[in-house]
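**Q** Got a file for you: run-v4.pdb, PDB, C-alpha atoms.
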```pdb
ATOM      1  CA  MET A1093       8.479  17.449  11.234
ATOM      2  CA  ILE A1094       9.018  14.773   8.610
ATOM      3  CA  PRO A1095      11.005  15.987   5.575
ATOM      4  CA  LEU A1096       8.541  14.900   2.881
ATOM      5  CA  ASP A1097      10.059  17.273   0.329
ATOM      6  CA  GLU A1098      13.442  15.591   0.805
ATOM      7  CA  LEU A1099      11.895  12.112   0.572
ATOM      8  CA  ASN A1100      10.136  13.103  -2.659
ATOM      9  CA  LYS A1101      13.388  14.475  -4.090
ATOM     10  CA  GLN A1102      15.137  11.220  -3.221
ATOM     11  CA  ASN A1103      12.392   9.274  -4.985
ATOM     12  CA  GLN A1104      12.752  11.460  -8.073
ATOM     13  CA  LYS A1105      16.528  10.945  -8.080
ATOM     14  CA  THR A1106      16.149   7.172  -7.699
ATOM     15  CA  ALA A1107      13.500   6.993 -10.422
ATOM     16  CA  GLU A1108      15.713   8.992 -12.774
ATOM     17  CA  LEU A1109      18.656   6.674 -12.132
ATOM     18  CA  CYS A1110      16.424   3.638 -12.733
ATOM     19  CA  ARG A1111      15.354   5.014 -16.121
ATOM     20  CA  ILE A1112      18.926   5.813 -17.173
ATOM     21  CA  LEU A1113      20.367   2.515 -15.963
ATOM     22  CA  ALA A1114      17.548   0.551 -17.617
ATOM     23  CA  VAL A1115      18.759   1.881 -20.960
ATOM     24  CA  LEU A1116      22.467   1.374 -20.258
ATOM     25  CA  ILE A1117      22.220  -2.228 -19.079
ATOM     26  CA  GLU A1118      20.569  -3.379 -22.292
ATOM     27  CA  ASP A1119      23.899  -2.960 -24.106
ATOM     28  CA  ARG A1120      26.272  -5.627 -22.780
ATOM     29  CA  SER A1121      29.331  -3.558 -23.707
ATOM     30  CA  LEU A1122      28.177  -0.727 -21.429
ATOM     31  CA  CYS A1123      27.407  -2.826 -18.336
ATOM     32  CA  GLU A1124      30.858  -2.886 -16.754
ATOM     33  CA  THR A1125      32.050   0.544 -17.839
ATOM     34  CA  GLY A1126      33.207   3.005 -15.231
ATOM     35  CA  VAL A1127      30.289   5.336 -15.921
ATOM     36  CA  THR A1128      27.689   2.600 -15.480
ATOM     37  CA  CYS A1129      29.406   1.392 -12.300
ATOM     38  CA  GLU A1130      29.440   4.940 -10.948
ATOM     39  CA  LEU A1131      25.740   5.329 -11.719
ATOM     40  CA  PHE A1132      24.980   2.031  -9.982
ATOM     41  CA  GLU A1133      26.873   3.229  -6.913
ATOM     42  CA  ARG A1134      24.869   6.476  -6.945
ATOM     43  CA  PHE A1135      21.684   4.475  -7.377
ATOM     44  CA  ALA A1136      22.484   2.182  -4.443
ATOM     45  CA  GLU A1137      23.408   5.129  -2.224
ATOM     46  CA  SER A1138      20.209   6.930  -3.178
ATOM     47  CA  VAL A1139      18.111   3.905  -2.206
ATOM     48  CA  ARG A1140      19.977   3.464   1.100
ATOM     49  CA  GLU A1141      19.709   7.170   2.013
ATOM     50  CA  HIS A1142      15.996   7.141   1.304
ATOM     51  CA  PHE A1143      15.245   4.152   3.502
ATOM     52  CA  ASN A1144      17.505   5.484   6.269
ATOM     53  CA  LEU A1145      15.736   8.854   6.271
ATOM     54  CA  GLN A1146      12.374   7.123   6.437
ATOM     55  CA  ASP A1147      13.553   4.899   9.290
ATOM     56  CA  LYS A1148      14.725   7.928  11.290
ATOM     57  CA  THR A1149      11.889  10.350  10.649
ATOM     58  CA  LEU A1150       8.764   8.751   9.280
ATOM     59  CA  TYR A1151       8.209   5.404  10.958
ATOM     60  CA  PRO A1152       8.751   6.489  14.575
ATOM     61  CA  LYS A1153       5.999   9.081  14.171
ATOM     62  CA  LEU A1154       3.559   6.628  12.585
ATOM     63  CA  LEU A1155       4.303   3.705  14.891
ATOM     64  CA  ASN A1156       3.920   5.852  18.008
ATOM     65  CA  HIS A1157       0.702   7.521  16.874
ATOM     66  CA  LYS A1158      -2.373   7.088  19.076
ATOM     67  CA  ASP A1159      -4.582   6.084  16.116
ATOM     68  CA  LYS A1160      -4.295   2.322  15.523
ATOM     69  CA  SER A1161      -5.077   2.652  11.803
ATOM     70  CA  VAL A1162      -2.101   5.004  11.438
ATOM     71  CA  ASN A1163       0.027   2.462  13.343
ATOM     72  CA  GLY A1164      -1.190  -0.298  11.032
ATOM     73  CA  VAL A1165      -0.269   1.540   7.851
ATOM     74  CA  GLY A1166       3.081   2.493   9.352
ATOM     75  CA  LEU A1167       3.807  -1.095  10.353
ATOM     76  CA  ARG A1168       2.825  -2.514   6.945
ATOM     77  CA  CYS A1169       5.012   0.028   5.169
ATOM     78  CA  LEU A1170       7.902  -0.575   7.566
ATOM     79  CA  ASN A1171       7.664  -4.333   7.024
ATOM     80  CA  GLY A1172       7.564  -3.777   3.266
ATOM     81  CA  SER A1173      10.599  -1.526   3.563
ATOM     82  CA  LYS A1174      12.510  -4.209   5.479
ATOM     83  CA  GLU A1175      11.713  -6.791   2.813
ATOM     84  CA  ILE A1176      12.761  -4.481  -0.015
ATOM     85  CA  LYS A1177      16.016  -3.674   1.799
ATOM     86  CA  ARG A1178      16.692  -7.410   2.200
ATOM     87  CA  ILE A1179      16.049  -8.095  -1.491
ATOM     88  CA  PHE A1180      18.066  -5.047  -2.537
ATOM     89  CA  LYS A1181      21.026  -6.039  -0.363
ATOM     90  CA  SER A1182      21.016  -9.536  -1.841
ATOM     91  CA  TYR A1183      20.863  -8.105  -5.370
ATOM     92  CA  MET A1184      23.721  -5.675  -4.700
ATOM     93  CA  ASN A1185      25.870  -8.415  -3.143
ATOM     94  CA  LYS A1186      25.307 -10.634  -6.150
ATOM     95  CA  TRP A1187      25.947  -8.135  -8.934
ATOM     96  CA  CYS A1188      27.612  -5.018  -7.561
ATOM     97  CA  ARG A1189      30.294  -6.011  -5.090
ATOM     98  CA  LYS A1190      33.205  -3.612  -5.751
ATOM     99  CA  GLY A1191      31.888  -2.655  -9.162
ATOM    100  CA  LEU A1192      29.544  -4.451 -11.509
ATOM    101  CA  HIS A1193      30.317  -8.085 -12.278
ATOM    102  CA  VAL A1194      28.058  -9.340 -15.055
ATOM    103  CA  ARG A1195      28.728 -12.923 -15.968
ATOM    104  CA  ASN A1196      25.242 -13.678 -17.275
ATOM    105  CA  HIS A1197      23.958 -10.569 -19.047
ATOM    106  CA  GLU A1198      20.395 -11.817 -19.629
ATOM    107  CA  ARG A1199      19.959 -12.765 -15.986
ATOM    108  CA  PHE A1200      21.507  -9.490 -14.809
ATOM    109  CA  VAL A1201      19.122  -7.460 -16.977
ATOM    110  CA  ALA A1202      16.099  -9.458 -15.796
ATOM    111  CA  GLU A1203      17.008  -9.172 -12.099
ATOM    112  CA  THR A1204      17.852  -5.489 -12.450
ATOM    113  CA  LYS A1205      14.511  -4.777 -14.112
ATOM    114  CA  ASP A1206      12.814  -6.651 -11.256
ATOM    115  CA  ILE A1207      14.606  -4.437  -8.730
ATOM    116  CA  PHE A1208      13.661  -1.303 -10.655
ATOM    117  CA  ARG A1209      10.020  -2.450 -10.818
ATOM    118  CA  LEU A1210       9.984  -3.249  -7.095
ATOM    119  CA  LEU A1211      11.414   0.158  -6.197
ATOM    120  CA  THR A1212       9.108   1.980  -8.605
ATOM    121  CA  GLU A1213       6.063   0.273  -7.084
ATOM    122  CA  ARG A1214       7.322   1.169  -3.612
ATOM    123  CA  MET A1215       7.802   4.824  -4.589
ATOM    124  CA  GLN A1216       4.257   4.876  -5.950
ATOM    125  CA  THR A1217       2.930   3.469  -2.668
ATOM    126  CA  GLU A1218       4.827   6.122  -0.756
ATOM    127  CA  VAL A1219       3.433   8.942  -2.886
ATOM    128  CA  GLU A1220      -0.137   7.635  -2.962
ATOM    129  CA  LEU A1221      -0.522   6.206   0.548
ATOM    130  CA  LEU A1222       2.295   6.889   2.958
ATOM    131  CA  TYR A1223       3.040  10.581   2.389
ATOM    132  CA  PRO A1224      -0.624  11.677   2.329
ATOM    133  CA  LEU A1225      -1.082   9.866   5.649
ATOM    134  CA  VAL A1226       1.924  11.648   7.124
ATOM    135  CA  ARG A1227       0.631  15.019   5.870
ATOM    136  CA  SER A1228      -2.736  14.289   7.471
ATOM    137  CA  VAL A1229      -1.141  13.289  10.787
ATOM    138  CA  GLU A1230       1.032  16.409  10.821
ATOM    139  CA  ALA A1231      -1.903  18.669   9.884
ATOM    140  CA  ASN A1232      -3.961  17.244  12.751
ATOM    141  CA  GLU A1233      -1.083  17.826  15.170
ATOM    142  CA  ARG A1234      -0.937  21.508  14.161
ATOM    143  CA  LYS A1235      -4.655  22.127  14.710
ATOM    144  CA  PRO A1236      -5.172  24.351  17.729
ATOM    145  CA  VAL A1237      -6.929  22.772  20.666
ATOM    146  CA  ALA A1238     -10.269  24.452  21.373
ATOM    147  CA  MET A1239     -10.494  26.001  24.814
ATOM    148  CA  VAL A1240     -13.674  25.198  26.725
TER     149      VAL A1240
END
```
Go through the file and emit its structure as structure tokens.
**A**
Amino acid sequence: MIPLDELNKQNQKTAELCRILAVLIEDRSLCETGVTCELFERFAESVREHFNLQDKTLYPKLLNHKDKSVNGVGLRCLNGSKEIKRIFKSYMNKWCRKGLHVRNHERFVAETKDIFRLLTERMQTEVELLYPLVRSVEANERKPVAMV
């Protein structure tokens, strides 16, 4: 069974961190503080944990499903996940290697807001498309087979 409750909790945690960090990064003097760095580390770990849990539990079920439309949605979401992970890794390597390193504050804020927007859109897709599909697949698997 896919832990949708846990995935939703992870999304809520990530969204909360995005909202908090979006406020903190606006003030240049707060960007490289220990608290902000700690929150960025928590944010990055939250994103990584979420994608890892999806990779282990959600995509195998969808990609191995007998219904090709379920496979298609699973594959599109998996490919989107891979692209987001690539972009996120590049962002983290640029700005957050062993703590935050903000040389160009305006660019950092713009790129960070882009990352937050990308992740927020992804979370919305998960809630509106991916998780309802998984619930439907799991509900159909639990239906008893009629005996003839």
**Q** Using all atoms listed in the file, which residue out of A:Ala1136, A:Glu1141, A:Ser1121, A:Asp1159 lies closest to Asn1185 (chain A)?
**A**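 That would be A:Ala1136, the residue with the smallest distance to Asn1185 (chain A).
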**Q** Could you please determine the separation between CA of Arg1168 (chain A) and CA of Leu1222 (chain A) in Å, to one decimal place?
**A**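 It comes out at 10.2 Å.
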**Q** Which residue out of A:Cys1129, A:Met1215, A:Val1165, A:Ile1207 has the minimum interatomic distance to Ile1179 (chain A) when all atoms listed in the file are used?
**A**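 Among A:Cys1129, A:Met1215, A:Val1165, A:Ile1207, it is A:Ile1207 that comes nearest to Ile1179 (chain A).
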**Q** Quick one: distance from CA of Leu1150 (chain A) to CA of Glu1133 (chain A) in Å, one decimal?
**A**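 Computed distance, CA of Leu1150 (chain A) to CA of Glu1133 (chain A), equals 24.9 Å.
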**Q** Give as a PyMOL selection string every residue, naming chains and numbers as the document does, that has an atom within 12 Å of (17.7, 5.5, -11.7), counting all atoms listed in the file.
**A** chain A and resi 1102-1117+1128+1130-1139+1204-1205+1207-1209+1211-1212
**Q** Calculate how many Å separate CA of Asn1171 (chain A) from CA of Asp1097 (chain A), rounding to one decimal.
**A**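 Atom-to-atom, CA of Asn1171 (chain A) and CA of Asp1097 (chain A) are spaced 22.7 Å apart.
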**Q** Name the closest residue to Pro1152 (chain A) among the candidates A:Asn1196, A:Lys1181, A:Lys1101, A:Ile1094; distances are taken between atoms, counting all atoms listed in the file.
**A**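 With all atoms listed in the file as the atom set, the closest residue is A:Ile1094.
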**Q** Write out as an NGL selection string each polymer residue whose atoms come within 8 Å of region 1192-1194 of chain A, counting all atoms listed in the file; drop sequence neighbours fewer than 5 positions from it.
**A** :A and (1123-1124 or 1129 or 1187 or 1200)
**Q** For Met1184 (chain A), which residue among A:Leu1154, A:Glu1233, A:Arg1140, A:Val1219 is the nearest when counting only C-alpha atoms?
**A**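 Checking each of A:Leu1154, A:Glu1233, A:Arg1140, A:Val1219 against Met1184 (chain A), counting only C-alpha atoms, the winner is A:Arg1140.
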**Q** Using only C-alpha atoms, can you tell me which of A:Met1093, A:Leu1122, A:Leu1145, A:Leu1221 comes closest to Arg1234 (chain A)?
**A**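 Of all the options, A:Met1093 lies closest to Arg1234 (chain A).
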**Q** Of the candidates A:Leu1155, A:Ile1176, A:Leu1167, A:Val1162, which one gets nearest to Ser1228 (chain A) if we count all atoms listed in the file?
**A**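 Comparing A:Leu1155, A:Ile1176, A:Leu1167, A:Val1162 against Ser1228 (chain A), the winner is A:Val1162.
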**Q** Would you mind writing region 1177-1203 of chain A with N, CA and C atoms, as a short mmCIF file (atom, residue, chain, number, x, y, z; two decimals), in the frame of the given file?
**A**
```cif
data_model
loop_
_atom_site.label_atom_id
_atom_site.label_comp_id
_atom_site.auth_asym_id
_atom_site.auth_seq_id
_atom_site.Cartn_x
_atom_site.Cartn_y
_atom_site.Cartn_z
N LYS A 1177 14.60 -3.84 1.46
CA LYS A 1177 16.02 -3.67 1.80
C LYS A 1177 16.74 -5.01 1.76
N ARG A 1178 16.09 -6.07 2.22
CA ARG A 1178 16.69 -7.41 2.20
C ARG A 1178 16.94 -7.86 0.76
N ILE A 1179 15.93 -7.71 -0.08
CA ILE A 1179 16.05 -8.10 -1.49
C ILE A 1179 17.12 -7.25 -2.18
N PHE A 1180 17.11 -5.96 -1.91
CA PHE A 1180 18.07 -5.05 -2.54
C PHE A 1180 19.50 -5.38 -2.12
N LYS A 1181 19.69 -5.68 -0.85
CA LYS A 1181 21.03 -6.04 -0.36
C LYS A 1181 21.52 -7.32 -1.04
N SER A 1182 20.66 -8.29 -1.18
CA SER A 1182 21.02 -9.54 -1.84
C SER A 1182 21.38 -9.28 -3.30
N TYR A 1183 20.59 -8.46 -3.97
CA TYR A 1183 20.86 -8.10 -5.37
C TYR A 1183 22.22 -7.41 -5.49
N MET A 1184 22.46 -6.43 -4.64
CA MET A 1184 23.72 -5.68 -4.70
C MET A 1184 24.91 -6.58 -4.41
N ASN A 1185 24.77 -7.49 -3.45
CA ASN A 1185 25.87 -8.41 -3.14
C ASN A 1185 26.16 -9.35 -4.31
N LYS A 1186 25.13 -9.72 -5.03
CA LYS A 1186 25.31 -10.63 -6.15
C LYS A 1186 25.96 -9.96 -7.35
N TRP A 1187 25.53 -8.75 -7.68
CA TRP A 1187 25.95 -8.14 -8.93
C TRP A 1187 26.90 -6.95 -8.78
N CYS A 1188 26.92 -6.32 -7.65
CA CYS A 1188 27.61 -5.02 -7.56
C CYS A 1188 28.64 -4.94 -6.43
N ARG A 1189 29.28 -6.02 -6.13
CA ARG A 1189 30.29 -6.01 -5.09
C ARG A 1189 31.59 -5.47 -5.68
N LYS A 1190 32.00 -4.28 -5.23
CA LYS A 1190 33.20 -3.61 -5.75
C LYS A 1190 33.14 -3.48 -7.27
N GLY A 1191 32.10 -2.83 -7.73
CA GLY A 1191 31.89 -2.66 -9.16
C GLY A 1191 30.92 -3.70 -9.69
N LEU A 1192 30.46 -3.50 -10.89
CA LEU A 1192 29.54 -4.45 -11.51
C LEU A 1192 30.31 -5.67 -12.01
N HIS A 1193 29.72 -6.84 -11.80
CA HIS A 1193 30.32 -8.09 -12.28
C HIS A 1193 29.22 -8.89 -12.97
N VAL A 1194 29.13 -8.73 -14.28
CA VAL A 1194 28.06 -9.34 -15.06
C VAL A 1194 28.59 -10.54 -15.83
N ARG A 1195 28.31 -11.71 -15.28
CA ARG A 1195 28.73 -12.92 -15.97
C ARG A 1195 27.62 -13.41 -16.92
N ASN A 1196 26.39 -13.26 -16.48
CA ASN A 1196 25.24 -13.68 -17.27
C ASN A 1196 24.40 -12.42 -17.55
N HIS A 1197 24.59 -11.85 -18.72
CA HIS A 1197 23.96 -10.57 -19.05
C HIS A 1197 22.43 -10.65 -19.02
N GLU A 1198 21.86 -11.69 -19.60
CA GLU A 1198 20.40 -11.82 -19.63
C GLU A 1198 19.81 -11.88 -18.23
N ARG A 1199 20.45 -12.64 -17.37
CA ARG A 1199 19.96 -12.76 -15.99
C ARG A 1199 20.13 -11.46 -15.23
N PHE A 1200 21.26 -10.79 -15.44
CA PHE A 1200 21.51 -9.49 -14.81
C PHE A 1200 20.43 -8.48 -15.21
N VAL A 1201 20.14 -8.41 -16.49
CA VAL A 1201 19.12 -7.46 -16.98
C VAL A 1201 17.77 -7.80 -16.37
N ALA A 1202 17.39 -9.06 -16.35
CA ALA A 1202 16.10 -9.46 -15.80
C ALA A 1202 16.00 -9.12 -14.31
N GLU A 1203 17.04 -9.44 -13.54
CA GLU A 1203 17.01 -9.17 -12.10
C GLU A 1203 17.05 -7.67 -11.82
#
```
